[in-house]
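What follows is a single structure, written as structure tokens, with notes after it.
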Amino acid sequence: MRISELSRRSGVPITTIKHYLREGLLPPGRATAATQAEYEESHVRRLRLIRALIGVRGLSVNATRELLSAVSEHEADTHQVLGLVLGARPVTEPEPESASASASASASEEEDDRPGIADADALLTEMGWQVSEHAPAKRVIAETLETLRSLGVDYDWRSLLPYATLAERTAAHDLDQLDDTTDPLEQAERALLLTVLLEPALLALRRLAQEDESAKRYGG
């Protein structure tokens with residue numbers, strides 16, 4: 001397809017496509033003349049993923065380039081690809097040999113000794129979840145539990161078990177919606193959109209359900 005068709009199919013303006021080509025985010029098409037090229041379906045899928053990473057997840061062009069390079073390296077491993085695009089896995093592996101990496105590792109070890117981290121680990125063990133060691137979401141759980149305790153709320157990881165069970169069912173439903181495609185780039189784009197864009201709606205559904213439950217229990 002020509003670049004005009006690529007723009008129409010992907011929803012990305014031609015000027016933006018040319019910018020992505022210059023920045024190395026998008027591989028060049030097959031040259032048909034000095035100033036013309038043809039593009040394939042793979043370009044459409046990659047452009048849609050780029051649009052989601054920059055426009056939805058909010059990554060910079062440089063960060064997107066690095067992430068896409070890592071995705072290409074692990075393209076045959078759907079689990080790794082989804083972890084990369086959703087931010088659950090680091091794009092680059094740490095280098096423990098350097099002094100800065102050693103200091104970072106020491107800081108990370110100190111953070112792992114926090115009570116909240118122990119609570120998060122206990123929750124993951126109880127649920128039997130396979131989660132990367134430094135998953136950002138685990139620290140969110142740890143910080144939340146620590147904040148609740150600092151405010152005098154008697155709340156630990158066991159209190160989160162009912163929510164974890166619901167989250168497990170939600171995650172299964174999320175990934176069920178990827179089953180109708182085997183293309184890793186399309187799966188990655190859809191997973192990113194469903195995760196980031198649906199999160200406000202899921203929170204809104206919780207608020208609406210709370211209002212309904214309150215009305216049933218306490219309303220006139």
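In the structure tokens, chains take letters A, B, ... by order of appearance, with residues numbered from 1 within each chain and ligands from 1 in the order shown.
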
I want to know what sits within 9 Å of Leu193 of chain A, based on only C-alpha atoms, with residues of the same chain fewer than 5 positions away left out; could you give that as a PyMOL selection string? chain A and resi 52+56-57+188+198

Contacts of Ala171 of chain A within 12 Å, only C-alpha atoms, excl. fewer than 5 positions in-chain, as a list in words: Trp129, Ala164, Thr165, Leu166, Asp176, Gln177, Leu178, Ala191, Leu194 and Thr195 of chain A

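One finds atom CA of His43 of chain A at 8.7 Å from atom CA of Ser10 of chain A.
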
Pick from A:Glu133, A:Asp174, A:Glu73, A:Glu199: nearest to Asp121 of chain A, with only C-alpha atoms counted? A:Glu133

Which residues are near Gln187 of chain A? Cut-off 9 Å, only C-alpha atoms, ignore same chain within fewer than 5 positions. Put them as number ranges by chain. A: 78, 81-82, 178-179, 181-182, 192

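In terms of minimum interatomic distance to Ala76 of chain A, A:Asp183 ranks closest within A:Glu168, A:Asp183, A:Glu189, A:Glu38, counting only C-alpha atoms.
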
Return as a ChimeraX atom specification the full set of residues in segment 56-185 of chain A whose backbone-based DSSP assignment is alpha helix (DSSP H). /A:61-73,78-85,99-112,115-127,136-150,161-176,184-185

Smallest atom-to-atom distance to Ser42 of chain A: which of A:Ala120, A:Ala201, A:Leu67, A:Leu6, using only C-alpha atoms? A:Leu6

Among the residues A:Glu186, A:Asp180, A:Asp119, A:Glu143, the one that comes closest to Asp156 of chain A [using only C-alpha atoms]: A:Asp119

Contacts of Gln80 of chain A at 12 Å (only C-alpha atoms; same-chain gap of 6+ positions) as number ranges by chain: A: 67, 70-74, 86-91, 131-132, 184-185, 187-188

Just N, CA and C atoms for this one: save the residues we selected as a PDB file, in the first residue's frame.
```pdb
ATOM      1  N   LEU A  67      11.571   0.517  23.537  1.00  0.00           N
ATOM      2  CA  LEU A  67      10.609  -0.537  23.854  1.00  0.00           C
ATOM      3  C   LEU A  67      10.328  -1.399  22.630  1.00  0.00           C
ATOM      4  N   ALA A  70      12.995  -3.868  22.082  1.00  0.00           N
ATOM      5  CA  ALA A  70      12.873  -5.008  22.997  1.00  0.00           C
ATOM      6  C   ALA A  70      11.740  -5.928  22.572  1.00  0.00           C
ATOM      7  N   VAL A  71      10.639  -5.354  22.102  1.00  0.00           N
ATOM      8  CA  VAL A  71       9.512  -6.159  21.617  1.00  0.00           C
ATOM      9  C   VAL A  71       9.948  -7.010  20.432  1.00  0.00           C
ATOM     10  N   SER A  72      10.705  -6.425  19.507  1.00  0.00           N
ATOM     11  CA  SER A  72      11.188  -7.175  18.341  1.00  0.00           C
ATOM     12  C   SER A  72      12.076  -8.338  18.773  1.00  0.00           C
ATOM     13  N   GLU A  73      12.857  -8.107  19.833  1.00  0.00           N
ATOM     14  CA  GLU A  73      13.764  -9.151  20.325  1.00  0.00           C
ATOM     15  C   GLU A  73      12.990 -10.325  20.921  1.00  0.00           C
ATOM     16  N   HIS A  74      11.835 -10.033  21.531  1.00  0.00           N
ATOM     17  CA  HIS A  74      11.052 -11.084  22.211  1.00  0.00           C
ATOM     18  C   HIS A  74       9.726 -11.358  21.501  1.00  0.00           C
ATOM     19  N   LEU A  86       3.045  -3.167  28.715  1.00  0.00           N
ATOM     20  CA  LEU A  86       2.251  -2.731  29.864  1.00  0.00           C
ATOM     21  C   LEU A  86       3.114  -2.188  30.999  1.00  0.00           C
ATOM     22  N   GLY A  87       4.433  -2.232  30.827  1.00  0.00           N
ATOM     23  CA  GLY A  87       5.332  -1.674  31.846  1.00  0.00           C
ATOM     24  C   GLY A  87       5.582  -2.581  33.018  1.00  0.00           C
ATOM     25  N   ALA A  88       5.218  -3.849  32.898  1.00  0.00           N
ATOM     26  CA  ALA A  88       5.438  -4.788  33.999  1.00  0.00           C
ATOM     27  C   ALA A  88       6.849  -5.341  33.998  1.00  0.00           C
ATOM     28  N   ARG A  89       7.542  -5.219  32.869  1.00  0.00           N
ATOM     29  CA  ARG A  89       8.909  -5.722  32.762  1.00  0.00           C
ATOM     30  C   ARG A  89       9.817  -4.615  32.241  1.00  0.00           C
ATOM     31  N   PRO A  90      11.064  -4.553  32.720  1.00  0.00           N
ATOM     32  CA  PRO A  90      11.984  -3.498  32.254  1.00  0.00           C
ATOM     33  C   PRO A  90      12.393  -3.713  30.808  1.00  0.00           C
ATOM     34  N   VAL A  91      12.593  -2.614  30.097  1.00  0.00           N
ATOM     35  CA  VAL A  91      13.009  -2.695  28.699  1.00  0.00           C
ATOM     36  C   VAL A  91      14.454  -3.165  28.602  1.00  0.00           C
ATOM     37  N   VAL A 131       4.585 -13.597  39.147  1.00  0.00           N
ATOM     38  CA  VAL A 131       4.810 -12.168  38.927  1.00  0.00           C
ATOM     39  C   VAL A 131       6.308 -11.891  38.975  1.00  0.00           C
ATOM     40  N   SER A 132       6.791 -11.020  38.096  1.00  0.00           N
ATOM     41  CA  SER A 132       8.215 -10.677  38.088  1.00  0.00           C
ATOM     42  C   SER A 132       8.605 -10.043  39.422  1.00  0.00           C
ATOM     43  N   PRO A 184       1.582 -10.815  17.429  1.00  0.00           N
ATOM     44  CA  PRO A 184       2.023 -10.253  18.712  1.00  0.00           C
ATOM     45  C   PRO A 184       1.855  -8.735  18.802  1.00  0.00           C
ATOM     46  N   LEU A 185       2.046  -8.007  17.696  1.00  0.00           N
ATOM     47  CA  LEU A 185       1.891  -6.559  17.741  1.00  0.00           C
ATOM     48  C   LEU A 185       0.442  -6.167  17.948  1.00  0.00           C
ATOM     49  N   GLN A 187      -1.848  -8.063  19.409  1.00  0.00           N
ATOM     50  CA  GLN A 187      -2.169  -8.437  20.781  1.00  0.00           C
ATOM     51  C   GLN A 187      -1.654  -7.386  21.757  1.00  0.00           C
ATOM     52  N   ALA A 188      -0.433  -6.912  21.522  1.00  0.00           N
ATOM     53  CA  ALA A 188       0.160  -5.918  22.409  1.00  0.00           C
ATOM     54  C   ALA A 188      -0.635  -4.620  22.389  1.00  0.00           C
TER      55      ALA A 188
END
```

If you run DSSP on this backbone, which residues of segment 5-212 of chain A come out as strand (DSSP E or B), and could you give them as a ChimeraX atom specification? /A:30-33,36-38

Those residues with N, CA and C atoms, as a JSON list (two decimals), in the first residue's frame please?
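After the write, part_10.json holds the following:
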```
[["chain", "number", "residue", "atom", "x", "y", "z"],
["A", 30, "ARG", "N", 9.14, -0.70, 1.04],
["A", 30, "ARG", "CA", 9.90, -1.13, -0.14],
["A", 30, "ARG", "C", 9.90, -0.01, -1.17],
["A", 31, "ALA", "N", 11.09, 0.48, -1.50],
["A", 31, "ALA", "CA", 11.19, 1.60, -2.43],
["A", 31, "ALA", "C", 10.71, 1.21, -3.82],
["A", 32, "THR", "N", 9.83, 2.04, -4.39],
["A", 32, "THR", "CA", 9.33, 1.83, -5.75],
["A", 32, "THR", "C", 9.79, 2.94, -6.68],
["A", 33, "ALA", "N", 10.29, 4.03, -6.13],
["A", 33, "ALA", "CA", 10.83, 5.15, -6.90],
["A", 33, "ALA", "C", 11.70, 5.96, -5.95],
["A", 36, "GLN", "N", 9.14, 7.36, -3.45],
["A", 36, "GLN", "CA", 7.93, 6.58, -3.16],
["A", 36, "GLN", "C", 8.30, 5.21, -2.60],
["A", 37, "ALA", "N", 7.40, 4.67, -1.80],
["A", 37, "ALA", "CA", 7.61, 3.35, -1.22],
["A", 37, "ALA", "C", 6.26, 2.68, -0.99],
["A", 38, "GLU", "N", 6.30, 1.37, -0.89],
["A", 38, "GLU", "CA", 5.09, 0.60, -0.58],
["A", 38, "GLU", "C", 5.24, -0.03, 0.80]]
```

Mind pulling up the distance from atom CA of Leu145 of chain A to atom CA of Pro115 of chain A? 8.9 Å

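Nearest to Val61 of chain A of all the residues A:Pro162, A:Gly24, A:Gly220, A:Gly116 is A:Gly24, based on only C-alpha atoms.
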